[in-house]
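J.: A single structure is presented below for examination.
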Amino acid sequence: MKDILQAKFMVEMIRTATNMYAHGWDERNGGNISLLLSEEEVTEYLDPEKVLRTIPTGFEAKELDGKIFLVTGTGKYFKNVQYEPDVNLGIVRLTDGGRNAELLWGFTDGGQFTSEFPAHMMSHAARLAVDPANRVVMHCHPTNLLAMTYVHDLDEVQFTRTLWQMCTECIVVFPDGVNVLPWMLCGTNEIGVATAEKMKTARLVIWSQHGIYGAGKDLDETFGLIETAEKAAEIYMKIAHLPLKNTITDVQMHELEVRFNVKAREGYLS
Ligand SMILES: [Zn+2]
């Protein structure tokens, strides 16, 4: 068997968690990442028949049965992932219609996957249904996006339009916009179901007064998606209290659509 710590997916996961911590998005044990792996990807590094432990998930996700995920651990700190990846990360395979997870690697201190596992798995199922290339679900607490949910209207059209107006490239990076959930109790199946529902129409879902969920085809893309929205929110928080003299108009947004061959979410531009 090859050394799993040298696997491309593992190196990228560790770098991403480290980078997210460096951005200030994942204080203490905040944030969690799950990455869908193919069986071919993992068999070079571990024996998929060797199950270390079986952990009940507390939910059902029939469409994810047999799927394998590299996921961050509950109560674990992103800042520590690079030093002890085998403690802070785990590889699990969903079985029994998603009701159980078989641990194939990691969580060596007896730990288990993030408490937001339901929201992650339900979001994977929702994104895979609209985009079979989706591999990543990422949750974190970016400062300015979070701040924005205290002072900006939570209407999804208004929230999205404000972000698009803050940086020219926003509409190009997330033409599907951001969906917004009101404050809800985290770590529950209810917020998982609500997040997955919102994931059907956008790759970014704001959890008001908490953070954000992002989804994408790889770690870089998903990180970049959140990074771009967070940059826009930072601009907003710098200017929201000042008289607005200029903005990006809808006419200019339509020019961006043509130039970059993207289509803004239906009904979001005049
Ligand atoms: Zn959180």
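As shown in the structure tokens, the chain order sets the letters A, B, ...; within each chain, residues go from 1, and ligands are also counted from 1 in the order they appear.
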Please identify which residues in segment 38-269 of chain A DSSP calls strand (DSSP E or B) from the backbone, and express them as a PyMOL selection string.

T.: chain A and resi 53-56+68-73+89-95+100-106+113+136-140+178-181+204-207+211-216

J.: Write out as a list in words each polymer residue whose atoms come within 9 Å of Glu63 of chain A, counting only C-alpha atoms; drop sequence neighbours fewer than 4 positions from it.

T.: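 These residues fall inside the cut-off: Lys67, Gly97, Gly98 and Ala125 of chain A.
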
J.: Taking N, CA, C and O atoms for each residue, export the selection above as an mmCIF file, in the first residue's frame.

T.:
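Output below, filename part22.cif:
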data_model
loop_
_atom_site.group_PDB
_atom_site.id
_atom_site.type_symbol
_atom_site.label_atom_id
_atom_site.label_comp_id
_atom_site.auth_asym_id
_atom_site.auth_seq_id
_atom_site.Cartn_x
_atom_site.Cartn_y
_atom_site.Cartn_z
ATOM 1 N N LYS A 67 -20.943 5.214 -1.008
ATOM 2 C CA LYS A 67 -20.013 6.296 -1.356
ATOM 3 C C LYS A 67 -19.017 6.550 -0.214
ATOM 4 O O LYS A 67 -19.325 6.378 0.956
ATOM 5 N N GLY A 97 -28.083 2.240 3.392
ATOM 6 C CA GLY A 97 -28.877 3.382 2.943
ATOM 7 C C GLY A 97 -28.454 4.692 3.600
ATOM 8 O O GLY A 97 -29.264 5.606 3.729
ATOM 9 N N GLY A 98 -27.182 4.765 4.017
ATOM 10 C CA GLY A 98 -26.668 5.992 4.635
ATOM 11 C C GLY A 98 -26.847 6.018 6.148
ATOM 12 O O GLY A 98 -26.416 6.965 6.810
ATOM 13 N N ALA A 125 -25.881 14.894 -1.721
ATOM 14 C CA ALA A 125 -26.946 14.240 -2.500
ATOM 15 C C ALA A 125 -27.668 15.267 -3.372
ATOM 16 O O ALA A 125 -27.931 15.011 -4.554
#

J.: What residues of the protein or nucleic acid chains come within 8 Å of ligand 1 when you use only C-alpha atoms and all ligand atoms? Reply as a VMD selection string.

T.: chain A and resid 30 to 32 139 to 141 186 210 to 212

J.: May I ask which of the residues A:Asn100, A:Ser123, A:Thr195, A:Thr222 is the closest one to Val51 of chain A, counting only C-alpha atoms?

T.: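 Counting only C-alpha atoms, the residue closest to Val51 of chain A is A:Asn100.
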
J.: For Ala61 of chain A, find every residue with an atom within 12 Å (counting only C-alpha atoms), except residues of its own chain fewer than 6 positions away, and show them as a PDB file with N, CA and C atoms, in the first residue's frame.

T.:
ATOM      1  N   LYS A  67     -20.943   5.214  -1.008  1.00  0.00           N
ATOM      2  CA  LYS A  67     -20.013   6.296  -1.356  1.00  0.00           C
ATOM      3  C   LYS A  67     -19.017   6.550  -0.214  1.00  0.00           C
ATOM      4  N   LEU A  94     -20.444   5.174   3.432  1.00  0.00           N
ATOM      5  CA  LEU A  94     -21.834   5.057   3.880  1.00  0.00           C
ATOM      6  C   LEU A  94     -22.398   3.698   3.481  1.00  0.00           C
ATOM      7  N   THR A  95     -23.126   3.069   4.414  1.00  0.00           N
ATOM      8  CA  THR A  95     -23.788   1.785   4.139  1.00  0.00           C
ATOM      9  C   THR A  95     -25.200   1.819   4.700  1.00  0.00           C
ATOM     10  N   ASP A  96     -25.936   0.737   4.485  1.00  0.00           N
ATOM     11  CA  ASP A  96     -27.312   0.610   5.007  1.00  0.00           C
ATOM     12  C   ASP A  96     -28.156   1.823   4.637  1.00  0.00           C
ATOM     13  N   GLY A  97     -28.083   2.240   3.392  1.00  0.00           N
ATOM     14  CA  GLY A  97     -28.877   3.382   2.943  1.00  0.00           C
ATOM     15  C   GLY A  97     -28.454   4.692   3.600  1.00  0.00           C
ATOM     16  N   GLY A  98     -27.182   4.765   4.017  1.00  0.00           N
ATOM     17  CA  GLY A  98     -26.668   5.992   4.635  1.00  0.00           C
ATOM     18  C   GLY A  98     -26.847   6.018   6.148  1.00  0.00           C
ATOM     19  N   ARG A  99     -27.483   4.979   6.711  1.00  0.00           N
ATOM     20  CA  ARG A  99     -27.741   4.985   8.158  1.00  0.00           C
ATOM     21  C   ARG A  99     -26.485   4.705   8.980  1.00  0.00           C
ATOM     22  N   ASN A 100     -25.510   4.046   8.354  1.00  0.00           N
ATOM     23  CA  ASN A 100     -24.242   3.787   9.037  1.00  0.00           C
ATOM     24  C   ASN A 100     -23.069   4.243   8.183  1.00  0.00           C
ATOM     25  N   ALA A 101     -21.970   4.568   8.869  1.00  0.00           N
ATOM     26  CA  ALA A 101     -20.735   4.936   8.185  1.00  0.00           C
ATOM     27  C   ALA A 101     -19.638   3.997   8.662  1.00  0.00           C
ATOM     28  N   PHE A 117     -22.386  16.379   9.845  1.00  0.00           N
ATOM     29  CA  PHE A 117     -22.406  15.324   8.829  1.00  0.00           C
ATOM     30  C   PHE A 117     -23.743  15.246   8.081  1.00  0.00           C
ATOM     31  N   PRO A 118     -24.903  15.373   8.792  1.00  0.00           N
ATOM     32  CA  PRO A 118     -26.173  15.341   8.043  1.00  0.00           C
ATOM     33  C   PRO A 118     -26.248  16.426   6.971  1.00  0.00           C
ATOM     34  N   ALA A 119     -25.902  17.663   7.336  1.00  0.00           N
ATOM     35  CA  ALA A 119     -25.967  18.771   6.365  1.00  0.00           C
ATOM     36  C   ALA A 119     -25.017  18.507   5.197  1.00  0.00           C
ATOM     37  N   HIS A 120     -23.830  17.952   5.501  1.00  0.00           N
ATOM     38  CA  HIS A 120     -22.868  17.650   4.436  1.00  0.00           C
ATOM     39  C   HIS A 120     -23.408  16.587   3.488  1.00  0.00           C
ATOM     40  N   MET A 121     -23.854  15.467   4.058  1.00  0.00           N
ATOM     41  CA  MET A 121     -24.280  14.350   3.209  1.00  0.00           C
ATOM     42  C   MET A 121     -25.535  14.700   2.407  1.00  0.00           C
ATOM     43  N   MET A 122     -26.489  15.366   3.056  1.00  0.00           N
ATOM     44  CA  MET A 122     -27.706  15.754   2.332  1.00  0.00           C
ATOM     45  C   MET A 122     -27.371  16.770   1.243  1.00  0.00           C
ATOM     46  N   SER A 123     -26.385  17.639   1.497  1.00  0.00           N
ATOM     47  CA  SER A 123     -25.961  18.610   0.477  1.00  0.00           C
ATOM     48  C   SER A 123     -25.266  17.904  -0.687  1.00  0.00           C
ATOM     49  N   HIS A 124     -24.432  16.899  -0.378  1.00  0.00           N
ATOM     50  CA  HIS A 124     -23.803  16.121  -1.458  1.00  0.00           C
ATOM     51  C   HIS A 124     -24.878  15.509  -2.360  1.00  0.00           C
ATOM     52  N   ALA A 125     -25.881  14.894  -1.721  1.00  0.00           N
ATOM     53  CA  ALA A 125     -26.946  14.240  -2.500  1.00  0.00           C
ATOM     54  C   ALA A 125     -27.668  15.267  -3.372  1.00  0.00           C
ATOM     55  N   ALA A 126     -27.947  16.436  -2.798  1.00  0.00           N
ATOM     56  CA  ALA A 126     -28.667  17.481  -3.555  1.00  0.00           C
ATOM     57  C   ALA A 126     -27.829  18.005  -4.719  1.00  0.00           C
ATOM     58  N   ASN A 189     -30.633  17.283  11.865  1.00  0.00           N
ATOM     59  CA  ASN A 189     -31.110  16.837  10.557  1.00  0.00           C
ATOM     60  C   ASN A 189     -31.950  17.921   9.887  1.00  0.00           C
ATOM     61  N   GLY A 192     -29.907  20.231   8.071  1.00  0.00           N
ATOM     62  CA  GLY A 192     -29.373  19.458   6.951  1.00  0.00           C
ATOM     63  C   GLY A 192     -30.350  19.422   5.788  1.00  0.00           C
ATOM     64  N   VAL A 193     -31.598  19.144   6.094  1.00  0.00           N
ATOM     65  CA  VAL A 193     -32.645  19.082   5.074  1.00  0.00           C
ATOM     66  C   VAL A 193     -32.827  20.458   4.422  1.00  0.00           C
ATOM     67  N   ALA A 196     -29.780  21.299   2.195  1.00  0.00           N
ATOM     68  CA  ALA A 196     -29.817  20.511   0.961  1.00  0.00           C
ATOM     69  C   ALA A 196     -30.859  21.067  -0.009  1.00  0.00           C
TER      70      ALA A 196
END

J.: Residues within 9 Å of Trp164 of chain A, please, as a short mmCIF file (atom, residue, chain, number, x, y, z; two decimals) with N, CA and C atoms, in the first residue's frame. Count only C-alpha atoms; anything in the same chain fewer than 6 positions from it doesn't count.

T.:
data_model
loop_
_atom_site.label_atom_id
_atom_site.label_comp_id
_atom_site.auth_asym_id
_atom_site.auth_seq_id
_atom_site.Cartn_x
_atom_site.Cartn_y
_atom_site.Cartn_z
N CYS A 170 -17.77 38.79 -9.26
CA CYS A 170 -18.70 37.95 -8.49
C CYS A 170 -19.74 37.24 -9.36
N ILE A 171 -20.36 37.99 -10.26
CA ILE A 171 -21.42 37.38 -11.08
C ILE A 171 -20.85 36.30 -12.00
N VAL A 172 -19.56 36.42 -12.31
CA VAL A 172 -18.90 35.41 -13.15
C VAL A 172 -18.61 34.15 -12.33
N PHE A 174 -20.06 33.27 -9.23
CA PHE A 174 -21.29 32.60 -8.75
C PHE A 174 -22.54 33.21 -9.38
N PRO A 175 -22.74 32.92 -10.68
CA PRO A 175 -23.94 33.41 -11.37
C PRO A 175 -25.23 32.82 -10.78
N GLY A 177 -25.78 32.73 -7.72
CA GLY A 177 -26.11 33.53 -6.54
C GLY A 177 -25.90 32.79 -5.23
N ALA A 229 -17.05 35.28 -2.51
CA ALA A 229 -18.23 35.84 -1.81
C ALA A 229 -17.79 36.60 -0.57
N ALA A 232 -16.43 40.01 -1.47
CA ALA A 232 -17.54 40.92 -1.77
C ALA A 232 -18.18 41.42 -0.47
N ILE A 248 -22.12 48.74 -9.74
CA ILE A 248 -22.14 48.02 -11.02
C ILE A 248 -23.61 47.90 -11.41
N MET A 253 -23.81 44.27 -15.70
CA MET A 253 -23.89 42.83 -15.36
C MET A 253 -24.19 42.01 -16.62
#

J.: Could you tell me, as JSON, numbers by chain, which residues of segment 46-211 of chain A DSSP assigns to helix (DSSP H, G or I) when given the backbone?

T.: {"A": [62, 63, 64, 78, 79, 80, 81, 85, 86, 87, 88, 96, 97, 98, 117, 118, 119, 120, 121, 122, 123, 124, 125, 126, 127, 128, 129, 130, 143, 144, 145, 146, 147, 148, 149, 150, 151, 156, 157, 158, 159, 160, 161, 162, 163, 164, 165, 166, 170, 171, 172, 173, 189, 190, 191, 192, 193, 194, 195, 196, 197, 198, 199]}

J.: If you keep C-alpha atoms, can you produce a file of those selected residues as an mmCIF file, in the first residue's frame?

T.:
data_model
loop_
_atom_site.group_PDB
_atom_site.id
_atom_site.type_symbol
_atom_site.label_atom_id
_atom_site.label_comp_id
_atom_site.auth_asym_id
_atom_site.auth_seq_id
_atom_site.Cartn_x
_atom_site.Cartn_y
_atom_site.Cartn_z
ATOM 1 C CA LYS A 62 -30.066 6.083 0.003
ATOM 2 C CA GLU A 63 -28.536 7.844 -3.001
ATOM 3 C CA LEU A 64 -25.157 7.966 -1.217
ATOM 4 C CA PHE A 78 -8.543 23.068 11.495
ATOM 5 C CA LYS A 79 -5.262 24.510 12.766
ATOM 6 C CA ASN A 80 -4.230 21.015 13.911
ATOM 7 C CA VAL A 81 -5.140 19.082 10.742
ATOM 8 C CA PRO A 85 -4.187 14.361 9.916
ATOM 9 C CA ASP A 86 -4.972 10.799 11.066
ATOM 10 C CA VAL A 87 -6.604 12.144 14.255
ATOM 11 C CA ASN A 88 -8.427 15.115 12.742
ATOM 12 C CA ASP A 96 -27.312 0.610 5.007
ATOM 13 C CA GLY A 97 -28.877 3.382 2.943
ATOM 14 C CA GLY A 98 -26.668 5.992 4.635
ATOM 15 C CA PHE A 117 -22.406 15.324 8.829
ATOM 16 C CA PRO A 118 -26.173 15.341 8.043
ATOM 17 C CA ALA A 119 -25.967 18.771 6.365
ATOM 18 C CA HIS A 120 -22.868 17.650 4.436
ATOM 19 C CA MET A 121 -24.280 14.350 3.209
ATOM 20 C CA MET A 122 -27.706 15.754 2.332
ATOM 21 C CA SER A 123 -25.961 18.610 0.477
ATOM 22 C CA HIS A 124 -23.803 16.121 -1.458
ATOM 23 C CA ALA A 125 -26.946 14.240 -2.500
ATOM 24 C CA ALA A 126 -28.667 17.481 -3.555
ATOM 25 C CA ARG A 127 -25.688 18.780 -5.555
ATOM 26 C CA LEU A 128 -24.965 15.406 -7.215
ATOM 27 C CA ALA A 129 -28.570 15.349 -8.438
ATOM 28 C CA VAL A 130 -28.024 18.634 -10.338
ATOM 29 C CA THR A 143 -16.085 37.082 9.099
ATOM 30 C CA ASN A 144 -17.641 39.526 6.649
ATOM 31 C CA LEU A 145 -20.327 37.231 5.248
ATOM 32 C CA LEU A 146 -21.349 36.518 8.817
ATOM 33 C CA ALA A 147 -21.299 40.233 9.688
ATOM 34 C CA MET A 148 -23.448 40.979 6.653
ATOM 35 C CA THR A 149 -26.249 38.731 7.959
ATOM 36 C CA TYR A 150 -26.662 41.158 10.900
ATOM 37 C CA VAL A 151 -27.091 44.326 8.832
ATOM 38 C CA GLU A 156 -31.925 35.976 -1.381
ATOM 39 C CA VAL A 157 -32.324 38.200 -4.429
ATOM 40 C CA GLN A 158 -31.256 41.317 -2.528
ATOM 41 C CA PHE A 159 -28.377 39.535 -0.769
ATOM 42 C CA THR A 160 -27.095 38.092 -4.043
ATOM 43 C CA ARG A 161 -27.430 41.379 -5.930
ATOM 44 C CA THR A 162 -25.488 43.241 -3.233
ATOM 45 C CA LEU A 163 -22.632 40.716 -3.406
ATOM 46 C CA TRP A 164 -22.589 40.852 -7.231
ATOM 47 C CA GLN A 165 -22.358 44.648 -7.046
ATOM 48 C CA MET A 166 -19.336 44.606 -4.706
ATOM 49 C CA CYS A 170 -18.702 37.949 -8.487
ATOM 50 C CA ILE A 171 -21.424 37.381 -11.080
ATOM 51 C CA VAL A 172 -18.900 35.411 -13.154
ATOM 52 C CA VAL A 173 -17.822 33.208 -10.219
ATOM 53 C CA ASN A 189 -31.110 16.837 10.557
ATOM 54 C CA GLU A 190 -33.537 19.787 10.154
ATOM 55 C CA ILE A 191 -30.798 22.232 9.145
ATOM 56 C CA GLY A 192 -29.373 19.458 6.951
ATOM 57 C CA VAL A 193 -32.645 19.082 5.074
ATOM 58 C CA ALA A 194 -33.043 22.874 4.754
ATOM 59 C CA THR A 195 -29.456 23.311 3.507
ATOM 60 C CA ALA A 196 -29.817 20.511 0.961
ATOM 61 C CA GLU A 197 -33.046 22.071 -0.335
ATOM 62 C CA LYS A 198 -31.205 25.393 -0.847
ATOM 63 C CA MET A 199 -28.286 23.540 -2.501
#

J.: Restricting the calculation to only C-alpha atoms: of A:Glu257, A:Glu40, A:Asp218, A:Glu27, which residue gets closest to Asn134 of chain A?

T.: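 Once distances to Asn134 of chain A are computed over only C-alpha atoms, the minimum belongs to A:Asp218.
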
J.: So which residues touch Val11 of chain A within 12 Å, counting only C-alpha atoms, skipping near sequence neighbours fewer than 4 positions away, as number ranges by chain?

T.: A: 3-7, 15-18, 70, 81-82, 85, 89, 219

J.: Compare A:Val137, A:Leu204, A:Met184, A:Val42 by their minimum atom-to-atom distance to Val71 of chain A, counting only C-alpha atoms, and give me the closest one.

T.: A:Val137

J.: Rounded to one decimal in Å, what is the spacing between atom CA of Phe260 of chain A and atom CA of Ala215 of chain A?

T.: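 If I compute the distance from atom CA of Phe260 of chain A to atom CA of Ala215 of chain A, I get 21.1 Å.
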
J.: Which one of A:Gly66, A:Asp26, A:Ile55, A:Pro142 sits closest to Ala233 of chain A if you count only C-alpha atoms?

T.: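 Using only C-alpha atoms, Ala233 of chain A sits closest to A:Pro142.
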